[in-house]
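Chemist: Here you go, final_2.cif (mmCIF, C-alpha atoms):
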data_model
loop_
_atom_site.group_PDB
_atom_site.id
_atom_site.type_symbol
_atom_site.label_atom_id
_atom_site.label_comp_id
_atom_site.auth_asym_id
_atom_site.auth_seq_id
_atom_site.Cartn_x
_atom_site.Cartn_y
_atom_site.Cartn_z
ATOM 1 C CA GLN A 30 112.647 275.413 129.674
ATOM 2 C CA VAL A 31 110.319 272.962 131.348
ATOM 3 C CA GLN A 32 107.141 274.135 133.011
ATOM 4 C CA LEU A 33 105.564 271.983 135.691
ATOM 5 C CA VAL A 34 101.932 272.254 136.719
ATOM 6 C CA GLU A 35 101.032 270.769 140.095
ATOM 7 C CA SER A 36 97.646 270.062 141.602
ATOM 8 C CA GLY A 37 96.038 268.078 144.377
ATOM 9 C CA GLY A 38 97.088 269.738 147.608
ATOM 10 C CA GLY A 39 94.670 270.638 150.353
ATOM 11 C CA LEU A 40 93.602 270.184 153.941
ATOM 12 C CA VAL A 41 93.070 266.707 155.329
ATOM 13 C CA GLN A 42 92.751 265.135 158.758
ATOM 14 C CA ALA A 43 95.466 262.891 160.129
ATOM 15 C CA GLY A 44 95.125 259.413 158.696
ATOM 16 C CA GLY A 45 93.620 260.705 155.479
ATOM 17 C CA SER A 46 94.887 260.632 151.920
ATOM 18 C CA LEU A 47 95.723 263.042 149.134
ATOM 19 C CA ARG A 48 97.057 262.589 145.624
ATOM 20 C CA LEU A 49 99.335 265.165 144.044
ATOM 21 C CA SER A 50 99.748 265.436 140.280
ATOM 22 C CA CYS A 51 102.497 267.050 138.230
ATOM 23 C CA VAL A 52 102.342 267.585 134.479
ATOM 24 C CA PRO A 53 105.493 268.688 132.624
ATOM 25 C CA SER A 54 105.394 270.788 129.452
ATOM 26 C CA VAL A 55 107.571 268.233 127.635
ATOM 27 C CA ARG A 56 107.309 264.484 127.081
ATOM 28 C CA ILE A 57 107.767 262.868 130.450
ATOM 29 C CA LEU A 58 110.072 260.190 129.055
ATOM 30 C CA SER A 59 112.464 262.889 127.805
ATOM 31 C CA LEU A 60 113.206 263.808 131.414
ATOM 32 C CA ASN A 61 116.010 262.180 133.399
ATOM 33 C CA MET A 62 114.024 262.195 136.597
ATOM 34 C CA MET A 63 110.954 263.644 138.255
ATOM 35 C CA GLY A 64 110.060 263.821 141.872
ATOM 36 C CA TRP A 65 108.663 265.670 144.829
ATOM 37 C CA TYR A 66 110.296 267.747 147.514
ATOM 38 C CA ARG A 67 108.616 269.413 150.447
ATOM 39 C CA GLN A 68 109.368 272.364 152.652
ATOM 40 C CA ALA A 69 107.793 272.945 156.030
ATOM 41 C CA PRO A 70 107.937 276.361 157.744
ATOM 42 C CA GLY A 71 111.390 276.986 159.174
ATOM 43 C CA LYS A 72 112.849 273.829 157.638
ATOM 44 C CA GLN A 73 114.976 273.044 154.629
ATOM 45 C CA ARG A 74 113.469 271.630 151.484
ATOM 46 C CA GLU A 75 113.743 267.842 151.571
ATOM 47 C CA LEU A 76 113.344 265.085 149.019
ATOM 48 C CA VAL A 77 110.152 263.075 149.408
ATOM 49 C CA ALA A 78 110.237 260.724 146.426
ATOM 50 C CA SER A 79 111.703 260.487 142.947
ATOM 51 C CA ILE A 80 111.288 258.359 139.852
ATOM 52 C CA ALA A 81 113.939 258.082 137.173
ATOM 53 C CA SER A 82 113.257 257.669 133.465
ATOM 54 C CA GLY A 83 114.268 254.021 133.752
ATOM 55 C CA GLY A 84 111.776 253.506 136.575
ATOM 56 C CA THR A 85 114.075 253.541 139.619
ATOM 57 C CA ILE A 86 112.189 254.925 142.620
ATOM 58 C CA ASN A 87 113.478 256.428 145.853
ATOM 59 C CA TYR A 88 111.681 257.548 148.998
ATOM 60 C CA THR A 89 112.794 259.363 152.058
ATOM 61 C CA ASP A 90 112.558 257.075 155.076
ATOM 62 C CA SER A 91 109.762 258.992 156.780
ATOM 63 C CA VAL A 92 107.281 258.312 153.959
ATOM 64 C CA LYS A 93 108.169 254.721 153.063
ATOM 65 C CA GLY A 94 105.103 252.513 153.223
ATOM 66 C CA ARG A 95 102.751 255.520 153.172
ATOM 67 C CA PHE A 96 103.533 257.419 149.976
ATOM 68 C CA THR A 97 103.711 256.069 146.432
ATOM 69 C CA ILE A 98 105.186 257.855 143.447
ATOM 70 C CA SER A 99 104.072 256.735 140.021
ATOM 71 C CA ARG A 100 104.207 257.818 136.408
ATOM 72 C CA ASP A 101 101.513 257.601 133.753
ATOM 73 C CA ASN A 102 103.267 257.991 130.421
ATOM 74 C CA ALA A 103 100.022 258.163 128.462
ATOM 75 C CA ARG A 104 98.758 261.048 130.594
ATOM 76 C CA ASN A 105 102.248 262.577 130.832
ATOM 77 C CA THR A 106 101.779 262.877 134.573
ATOM 78 C CA VAL A 107 103.629 261.973 137.743
ATOM 79 C CA TYR A 108 101.584 261.284 140.855
ATOM 80 C CA LEU A 109 102.334 261.214 144.550
ATOM 81 C CA GLN A 110 99.756 259.175 146.416
ATOM 82 C CA MET A 111 99.935 260.045 150.096
ATOM 83 C CA ASN A 112 98.193 257.779 152.595
ATOM 84 C CA SER A 113 98.123 257.690 156.386
ATOM 85 C CA LEU A 114 99.018 261.357 156.463
ATOM 86 C CA LYS A 115 100.469 262.829 159.641
ATOM 87 C CA PRO A 116 100.658 266.426 160.873
ATOM 88 C CA ASP A 117 104.421 266.223 160.251
ATOM 89 C CA ASP A 118 103.660 265.865 156.540
ATOM 90 C CA THR A 119 102.351 269.428 156.480
ATOM 91 C CA ALA A 120 104.436 271.394 153.984
ATOM 92 C CA VAL A 121 104.509 272.968 150.573
ATOM 93 C CA TYR A 122 105.170 270.185 148.096
ATOM 94 C CA TYR A 123 107.201 270.966 144.990
ATOM 95 C CA CYS A 124 107.429 268.888 141.862
ATOM 96 C CA HIS A 125 110.795 268.857 140.100
ATOM 97 C CA ALA A 126 112.089 267.669 136.765
ATOM 98 C CA ASP A 127 115.693 267.011 135.774
ATOM 99 C CA VAL A 128 116.690 267.180 132.129
ATOM 100 C CA GLY A 129 119.803 266.974 130.023
ATOM 101 C CA MET A 130 123.517 266.614 130.745
ATOM 102 C CA PRO A 131 124.720 268.572 132.608
ATOM 103 C CA VAL A 132 121.483 268.255 134.480
ATOM 104 C CA ARG A 133 119.148 271.201 134.681
ATOM 105 C CA ARG A 134 116.487 271.124 137.376
ATOM 106 C CA TYR A 135 113.111 272.772 137.069
ATOM 107 C CA TRP A 136 110.539 273.361 139.789
ATOM 108 C CA GLY A 137 106.803 273.645 139.982
ATOM 109 C CA GLN A 138 105.064 276.450 141.825
ATOM 110 C CA GLY A 139 104.353 274.321 144.892
ATOM 111 C CA THR A 140 101.130 273.060 146.387
ATOM 112 C CA GLN A 141 100.188 273.306 150.060
ATOM 113 C CA VAL A 142 99.426 270.140 152.002
ATOM 114 C CA THR A 143 98.058 270.651 155.502
ATOM 115 C CA VAL A 144 97.340 267.733 157.820
ATOM 116 C CA SER A 145 95.317 268.515 160.920
ATOM 117 C CA SER A 146 95.564 266.463 164.092
#
I need this file expressed as structure tokens, please.
Modeler:
Amino acid sequence: QVQLVESGGGLVQAGGSLRLSCVPSVRILSLNMMGWYRQAPGKQRELVASIASGGTINYTDSVKGRFTISRDNARNTVYLQMNSLKPDDTAVYYCHADVGMPVRRYWGQGTQVTVSS
């Protein structure tokens, strides 16, 4: 079992910034991949960004150039820096961690991000 503790959500005006944090209960380098998904009301959960253990990073097109995912191995934390936020970014953001083979995926409890226009 992997527990994930998220923090950093909140309410921000359009154009503002927020940083989300996710701390796993195991060594971060023991995980295959970590990342962030989001789910807006009435929509499916979608991938926002991911970072693999080897450092490969992926972003969904709508956040490229605005969001940055990073990993601090010493702090055992993954961050999602979100800049130039838009109302369309409003959603519950979920951290995930993939471990093992076959892969098992674990989820955080979610943190609300609300961007006002």
Chemist: Rounded to one decimal in Å, what is the spacing between CA of Ile98 (chain A) and CA of Ile86 (chain A)?
Modeler: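 Going from CA of Ile98 (chain A) over to CA of Ile86 (chain A) covers 7.6 Å.
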Chemist: Please, what distance in Å, to one decimal, runs between CA of Ser46 (chain A) and CA of Asn112 (chain A)?
Modeler: 4.4 Å
Chemist: When distances are computed from all atoms listed in the file, which of A:Asn87, A:Gly139, A:Ser36, A:Tyr66 shows the smallest separation from Thr106 (chain A)?
Modeler: A:Ser36
Chemist: Identify which of the residues A:Tyr122, A:Ala43, A:Ser82, A:Arg133 lies closest to Asn61 (chain A), counting only C-alpha atoms when measuring atom-to-atom distances.
Modeler: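 Closest residue, counting only C-alpha atoms: A:Ser82.
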Chemist: Excluding Leu76 (chain A) and any residue of its chain fewer than 5 positions from it, enumerate the residues within 9 Å of it, using only C-alpha atoms, and give them as a CSV table (one decimal) with C-alpha atoms, in the coordinates of the input.
Modeler:
chain,number,residue,atom,x,y,z
A,64,GLY,CA,110.1,263.8,141.9
A,65,TRP,CA,108.7,265.7,144.8
A,66,TYR,CA,110.3,267.7,147.5
A,67,ARG,CA,108.6,269.4,150.4
A,88,TYR,CA,111.7,257.5,149.0
A,89,THR,CA,112.8,259.4,152.1
Chemist: Using all atoms listed in the file, can you tell me which of A:Pro70, A:Gly94, A:Gly83, A:Pro116 comes closest to Gln42 (chain A)?
Modeler: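 Of A:Pro70, A:Gly94, A:Gly83, A:Pro116, the one nearest Gln42 (chain A), counting all atoms listed in the file, is A:Pro116.
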Chemist: One decimal, in Å: what's the spacing between CA of Leu60 (chain A) and CA of Val128 (chain A)?
Modeler: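 Between CA of Leu60 (chain A) and CA of Val128 (chain A) the gap is 4.9 Å.
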Chemist: Got a sec to check which residues sit within 9 Å of (106.2, 260.1, 152.0), counting all atoms listed in the file, and write them as a short mmCIF file (atom, residue, chain, number, x, y, z; two decimals) with C-alpha atoms, keeping the file's coordinate frame?
Modeler:
data_model
loop_
_atom_site.label_atom_id
_atom_site.label_comp_id
_atom_site.auth_asym_id
_atom_site.auth_seq_id
_atom_site.Cartn_x
_atom_site.Cartn_y
_atom_site.Cartn_z
CA VAL A 77 110.15 263.08 149.41
CA ALA A 78 110.24 260.72 146.43
CA TYR A 88 111.68 257.55 149.00
CA THR A 89 112.79 259.36 152.06
CA ASP A 90 112.56 257.08 155.08
CA SER A 91 109.76 258.99 156.78
CA VAL A 92 107.28 258.31 153.96
CA LYS A 93 108.17 254.72 153.06
CA GLY A 94 105.10 252.51 153.22
CA ARG A 95 102.75 255.52 153.17
CA PHE A 96 103.53 257.42 149.98
CA THR A 97 103.71 256.07 146.43
CA ILE A 98 105.19 257.86 143.45
CA LEU A 109 102.33 261.21 144.55
CA GLN A 110 99.76 259.18 146.42
CA MET A 111 99.94 260.04 150.10
CA ASN A 112 98.19 257.78 152.60
CA LEU A 114 99.02 261.36 156.46
CA ASP A 118 103.66 265.86 156.54
#
Chemist: Would you list the residues near (118.1, 266.9, 132.5) (no more than 12 Å away, in the coordinates of the file, using only C-alpha atoms) as number ranges by chain?
Modeler: A: 30-31, 55, 57-63, 81-82, 125-135
Chemist: Selection from above, C-alpha atoms, as a PDB file, keeping the file's coordinate frame, can you write it?
Modeler:
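Here's the written file part-v3.pdb:
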ATOM      1  CA  GLN A  30     112.647 275.413 129.674  1.00  0.00           C
ATOM      2  CA  VAL A  31     110.319 272.962 131.348  1.00  0.00           C
ATOM      3  CA  VAL A  55     107.571 268.233 127.635  1.00  0.00           C
ATOM      4  CA  ILE A  57     107.767 262.868 130.450  1.00  0.00           C
ATOM      5  CA  LEU A  58     110.072 260.190 129.055  1.00  0.00           C
ATOM      6  CA  SER A  59     112.464 262.889 127.805  1.00  0.00           C
ATOM      7  CA  LEU A  60     113.206 263.808 131.414  1.00  0.00           C
ATOM      8  CA  ASN A  61     116.010 262.180 133.399  1.00  0.00           C
ATOM      9  CA  MET A  62     114.024 262.195 136.597  1.00  0.00           C
ATOM     10  CA  MET A  63     110.954 263.644 138.255  1.00  0.00           C
ATOM     11  CA  ALA A  81     113.939 258.082 137.173  1.00  0.00           C
ATOM     12  CA  SER A  82     113.257 257.669 133.465  1.00  0.00           C
ATOM     13  CA  HIS A 125     110.795 268.857 140.100  1.00  0.00           C
ATOM     14  CA  ALA A 126     112.089 267.669 136.765  1.00  0.00           C
ATOM     15  CA  ASP A 127     115.693 267.011 135.774  1.00  0.00           C
ATOM     16  CA  VAL A 128     116.690 267.180 132.129  1.00  0.00           C
ATOM     17  CA  GLY A 129     119.803 266.974 130.023  1.00  0.00           C
ATOM     18  CA  MET A 130     123.517 266.614 130.745  1.00  0.00           C
ATOM     19  CA  PRO A 131     124.720 268.572 132.608  1.00  0.00           C
ATOM     20  CA  VAL A 132     121.483 268.255 134.480  1.00  0.00           C
ATOM     21  CA  ARG A 133     119.148 271.201 134.681  1.00  0.00           C
ATOM     22  CA  ARG A 134     116.487 271.124 137.376  1.00  0.00           C
ATOM     23  CA  TYR A 135     113.111 272.772 137.069  1.00  0.00           C
TER      24      TYR A 135
END
Chemist: Have a look at A:Val41, A:Ile80, A:Val52, A:Val142 and name the one nearest to Asn105 (chain A); count all atoms listed in the file.
Modeler: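 When distances to Asn105 (chain A) are compared using all atoms listed in the file, the smallest one comes from A:Val52.
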Chemist: Give the answer as one residue: which of A:Ser146, A:Thr119, A:Thr85, A:Gln138 has the shortest atom-to-atom distance to Arg100 (chain A), using all atoms listed in the file?
Modeler: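 Looking at the shortest contact to Arg100 (chain A), the residue is A:Thr85.
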Chemist: Considering only C-alpha atoms, can you say which of A:Ser54, A:Gln73, A:Asp101, A:Gly37 comes closest to Trp136 (chain A)?
Modeler: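 Nearest candidate to Trp136 (chain A) out of A:Ser54, A:Gln73, A:Asp101, A:Gly37: A:Ser54.
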